[in-house]
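Working notes for the structure below.
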Amino acid sequence: MTTEKRTFCLRLGCLSILAFALSACSSTSVGPGGQISKVKYYHLMPFFTPQTTNPTILFERQHYIYGAVSKEEIVDRFGHYYAFFWKTNDRTGPVTIKFEYLQAKSGLKKHVQEQVIDDIHRSNVSKFQVVGPEYQNSGRVIAWRISVLRGKEELVSQQSALWN
C-alpha cells in the first residue's frame with residue numbers, strides 16, 4: 001500500500017470515528033411516553049483553566065463560578081453540571097425526573113437525585129449538579145442514567161456509555 005493510500009485510509013477512519021462520536025453525543029432517546037432530545041454536560045475541574053482564546057469556553061467556566069468570592073466558595077462549585085432536555089407525549093399530571101449516577105471513589109454505590117415536575121411544558125429542561133462535598137469526597141461522575149417517570153411507569157430514559 002502506498003503512503004498516499006495509507007494516509008487516505010487513516011483519515012477516512014478518523015472521520016468515521018469522529019462522525020460516530022458526534023452522533024452518539026447528540027442522539028435522541030425516544031421511549032413509549034416521550035423523548036430526551038439533548039444532554040448538556042459541563043465538568044468544572046478543580047484548579048484548571050482551559051488554555052484557549054475562545055470566549056465561549058471561558059464564559060462557561062466563569063458562569064459556574066460567578067458569585068463565589070472566597071476560596072471555599074469557589075472549591076464548592078467544582079464538579080459536574082448536567083442539563084437534560086426532554087418532552088412527554090401526555091402533559092397531564094406530575095412526572096418525576098430521576099438522575100442516577102456512579103462516582104469514581106464510591107465503588108458501585110448508586111447515587112440518586114430526583115425532581116418532581118408538576119407543570120409540564122411542551123419542551124422541558126431539568127438541571128442536576130454533583131458539586132461541593134459530594135464531589136470532593138466521592139470523586140468525578142463516571143456513569144449516569146436519566147429517567148422520566150409517571151408513578152412507577154418509565155416514560156423514557158437515557159444513559160451514558162459506561163452505565164451498566
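Ordered as shown in the C-alpha cells, chains take letters A, B, and onward, while each chain numbers its residues from 1 and ligands are numbered from 1 in the order shown.
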Long-range neighbours of Val156 in chain A as a count of residues only, 6 Å cut-off, only C-alpha atoms, 2 positions minimum in chain
6
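Distance annotation: of A:Glu73, A:Glu134, A:Asp119, A:Glu153, the residue with the minimal separation from Thr92 in chain A is A:Asp119; atom set is only C-alpha atoms.
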So that I can see what lies close to Gly151 in chain A, please list as a PyMOL selection string the residues with an atom at most 9 Å from it, counting only C-alpha atoms and leaving out residues fewer than 4 positions away in the same chain.
chain A and resi 94-96
Range 57-92 of chain A: residues DSSP assigns to strand (DSSP E), reported as a compact mmCIF listing (two decimals) with N, CA and C atoms, in the first residue's frame:
```
# COMPACT_ATOMS: atom_id res chain seq x y z
N GLY A 79 -17.19 20.53 40.10
CA GLY A 79 -17.97 19.31 39.95
C GLY A 79 -18.60 19.21 38.58
N HIS A 80 -19.68 18.42 38.51
CA HIS A 80 -20.36 18.12 37.25
C HIS A 80 -21.71 18.81 37.20
N TYR A 81 -22.03 19.37 36.05
CA TYR A 81 -23.29 20.06 35.81
C TYR A 81 -23.97 19.42 34.60
N TYR A 82 -25.23 19.03 34.75
CA TYR A 82 -26.00 18.39 33.68
C TYR A 82 -27.28 19.16 33.42
N ALA A 83 -27.67 19.24 32.16
CA ALA A 83 -28.97 19.77 31.76
C ALA A 83 -29.57 18.78 30.78
N PHE A 84 -30.74 18.25 31.12
CA PHE A 84 -31.43 17.26 30.29
C PHE A 84 -32.65 17.92 29.65
N PHE A 85 -32.74 17.87 28.34
CA PHE A 85 -33.85 18.44 27.59
C PHE A 85 -34.80 17.29 27.23
N TRP A 86 -36.06 17.37 27.66
CA TRP A 86 -36.98 16.26 27.49
C TRP A 86 -38.40 16.73 27.17
N LYS A 87 -39.20 15.79 26.64
CA LYS A 87 -40.62 16.02 26.32
C LYS A 87 -41.39 14.76 26.71
N THR A 88 -42.68 14.95 26.99
CA THR A 88 -43.56 13.80 27.20
C THR A 88 -44.74 13.91 26.25
```
Measuring between only C-alpha atoms, which one of A:Ile57, A:Ala143, A:Ile97, A:Leu149 shows the shortest distance to Phe128 in chain A?
A:Ile97
Excluding range 63-71 of chain A and residues on its chain fewer than 4 positions from it, collect all residues at most 12 Å away from it, counting only C-alpha atoms, and give them as a list in words.
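Using only C-alpha atoms, the neighbours found are Tyr42, His43, Leu44, Met45, Pro46, Phe47, Thr49, Pro55, Thr56, Ile57, Leu58, Phe59, Val75, Asp76, Arg77, Phe78, Gly79, His80, Tyr81, Tyr82, Gln129 and Val131 of chain A.
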Take the residues from that selection and write them out as a PDB file, in the first residue's frame, keeping N, CA and C atoms.
```pdb
ATOM      1  N   TYR A  42     -21.228  19.699  31.668  1.00  0.00           N
ATOM      2  CA  TYR A  42     -20.029  20.512  31.883  1.00  0.00           C
ATOM      3  C   TYR A  42     -19.326  20.028  33.145  1.00  0.00           C
ATOM      4  N   HIS A  43     -18.021  19.844  33.066  1.00  0.00           N
ATOM      5  CA  HIS A  43     -17.216  19.450  34.216  1.00  0.00           C
ATOM      6  C   HIS A  43     -16.329  20.635  34.587  1.00  0.00           C
ATOM      7  N   LEU A  44     -16.637  21.257  35.710  1.00  0.00           N
ATOM      8  CA  LEU A  44     -15.820  22.349  36.230  1.00  0.00           C
ATOM      9  C   LEU A  44     -14.727  21.713  37.081  1.00  0.00           C
ATOM     10  N   MET A  45     -13.544  21.576  36.487  1.00  0.00           N
ATOM     11  CA  MET A  45     -12.447  20.861  37.133  1.00  0.00           C
ATOM     12  C   MET A  45     -11.691  21.754  38.105  1.00  0.00           C
ATOM     13  N   PRO A  46     -11.254  21.172  39.217  1.00  0.00           N
ATOM     14  CA  PRO A  46     -10.510  21.946  40.211  1.00  0.00           C
ATOM     15  C   PRO A  46      -9.192  22.478  39.654  1.00  0.00           C
ATOM     16  N   PHE A  47      -8.990  23.752  39.862  1.00  0.00           N
ATOM     17  CA  PHE A  47      -7.719  24.413  39.564  1.00  0.00           C
ATOM     18  C   PHE A  47      -7.252  24.186  38.130  1.00  0.00           C
ATOM     19  N   THR A  49      -7.899  25.891  34.276  1.00  0.00           N
ATOM     20  CA  THR A  49      -8.494  26.868  33.379  1.00  0.00           C
ATOM     21  C   THR A  49      -8.101  26.483  31.962  1.00  0.00           C
ATOM     22  N   PRO A  55     -13.827  32.759  23.538  1.00  0.00           N
ATOM     23  CA  PRO A  55     -14.525  33.376  24.674  1.00  0.00           C
ATOM     24  C   PRO A  55     -15.712  32.564  25.185  1.00  0.00           C
ATOM     25  N   THR A  56     -16.314  31.728  24.334  1.00  0.00           N
ATOM     26  CA  THR A  56     -17.466  30.952  24.800  1.00  0.00           C
ATOM     27  C   THR A  56     -17.056  29.885  25.807  1.00  0.00           C
ATOM     28  N   ILE A  57     -15.906  29.288  25.619  1.00  0.00           N
ATOM     29  CA  ILE A  57     -15.421  28.267  26.557  1.00  0.00           C
ATOM     30  C   ILE A  57     -15.054  28.916  27.887  1.00  0.00           C
ATOM     31  N   LEU A  58     -14.390  30.032  27.825  1.00  0.00           N
ATOM     32  CA  LEU A  58     -14.024  30.741  29.054  1.00  0.00           C
ATOM     33  C   LEU A  58     -15.267  31.290  29.764  1.00  0.00           C
ATOM     34  N   PHE A  59     -16.278  31.713  29.007  1.00  0.00           N
ATOM     35  CA  PHE A  59     -17.504  32.226  29.607  1.00  0.00           C
ATOM     36  C   PHE A  59     -18.216  31.152  30.415  1.00  0.00           C
ATOM     37  N   VAL A  75     -14.201  26.444  45.557  1.00  0.00           N
ATOM     38  CA  VAL A  75     -13.982  24.992  45.619  1.00  0.00           C
ATOM     39  C   VAL A  75     -15.312  24.245  45.673  1.00  0.00           C
ATOM     40  N   ASP A  76     -16.315  24.814  46.343  1.00  0.00           N
ATOM     41  CA  ASP A  76     -17.625  24.169  46.410  1.00  0.00           C
ATOM     42  C   ASP A  76     -18.356  24.159  45.067  1.00  0.00           C
ATOM     43  N   ARG A  77     -17.937  24.966  44.128  1.00  0.00           N
ATOM     44  CA  ARG A  77     -18.571  24.990  42.802  1.00  0.00           C
ATOM     45  C   ARG A  77     -17.981  23.945  41.861  1.00  0.00           C
ATOM     46  N   PHE A  78     -16.821  23.379  42.190  1.00  0.00           N
ATOM     47  CA  PHE A  78     -16.206  22.373  41.327  1.00  0.00           C
ATOM     48  C   PHE A  78     -17.084  21.137  41.282  1.00  0.00           C
ATOM     49  N   GLY A  79     -17.187  20.529  40.100  1.00  0.00           N
ATOM     50  CA  GLY A  79     -17.974  19.309  39.954  1.00  0.00           C
ATOM     51  C   GLY A  79     -18.601  19.215  38.576  1.00  0.00           C
ATOM     52  N   HIS A  80     -19.679  18.421  38.509  1.00  0.00           N
ATOM     53  CA  HIS A  80     -20.364  18.122  37.247  1.00  0.00           C
ATOM     54  C   HIS A  80     -21.715  18.812  37.204  1.00  0.00           C
ATOM     55  N   TYR A  81     -22.026  19.370  36.046  1.00  0.00           N
ATOM     56  CA  TYR A  81     -23.290  20.056  35.812  1.00  0.00           C
ATOM     57  C   TYR A  81     -23.972  19.421  34.600  1.00  0.00           C
ATOM     58  N   TYR A  82     -25.235  19.033  34.751  1.00  0.00           N
ATOM     59  CA  TYR A  82     -25.997  18.389  33.685  1.00  0.00           C
ATOM     60  C   TYR A  82     -27.279  19.156  33.422  1.00  0.00           C
ATOM     61  N   GLN A 129     -26.723  18.768  39.463  1.00  0.00           N
ATOM     62  CA  GLN A 129     -25.303  19.031  39.675  1.00  0.00           C
ATOM     63  C   GLN A 129     -24.762  18.137  40.787  1.00  0.00           C
ATOM     64  N   VAL A 131     -21.704  18.565  43.048  1.00  0.00           N
ATOM     65  CA  VAL A 131     -20.690  19.547  43.419  1.00  0.00           C
ATOM     66  C   VAL A 131     -20.467  19.507  44.928  1.00  0.00           C
TER      67      VAL A 131
END
```
Between CA of Glu114 in chain A and CA of Gln62 in chain A lies a distance of 26.9 Å
Just list the residues in range 66-109 of chain A DSSP gives alpha helix (DSSP H) on the backbone, as a list in words.
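Secondary structure check on range 66-109 of chain A, alpha helix (DSSP H): Lys71, Glu72, Glu73, Ile74, Val75, Asp76 and Arg77 of chain A.
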For Ile117 in chain A, the closest of A:Arg145, A:Thr52, A:Ser37, A:Lys98 counting only C-alpha atoms is A:Lys98
For Ile146 in chain A: contacts at 6 Å, only C-alpha atoms, fewer than 3 positions along chain excluded, given as a VMD selection string
chain A and resid 98 to 99 157 to 158
With N, CA and C atoms retained, export the selected residues as a CSV table (one decimal), in the first residue's frame.
```csv
chain,number,residue,atom,x,y,z
A,98,LYS,N,-35.6,11.3,37.4
A,98,LYS,CA,-34.7,10.6,38.3
A,98,LYS,C,-33.3,10.5,37.6
A,99,PHE,N,-32.3,11.1,38.3
A,99,PHE,CA,-30.9,11.1,37.9
A,99,PHE,C,-30.1,10.2,38.8
A,157,SER,N,-36.0,7.0,29.0
A,157,SER,CA,-34.7,7.1,29.8
A,157,SER,C,-33.5,7.1,28.8
A,158,GLN,N,-32.4,7.6,29.3
A,158,GLN,CA,-31.2,7.6,28.5
A,158,GLN,C,-30.0,7.4,29.5
```
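Distance annotation: of A:Val116, A:Leu162, A:Ile36, A:Leu155, the residue with the minimal separation from Leu102 in chain A is A:Leu162; atom set is only C-alpha atoms.
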Could you check how far CA of Phe48 in chain A sits from CA of Lys127 in chain A, in Å to one decimal?
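Answer for the CA of Phe48 in chain A to CA of Lys127 in chain A separation: 23.1 Å.
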Suppose you want the space between CA of Val141 in chain A and CA of Ser106 in chain A; what is it in Å?
9.9 Å
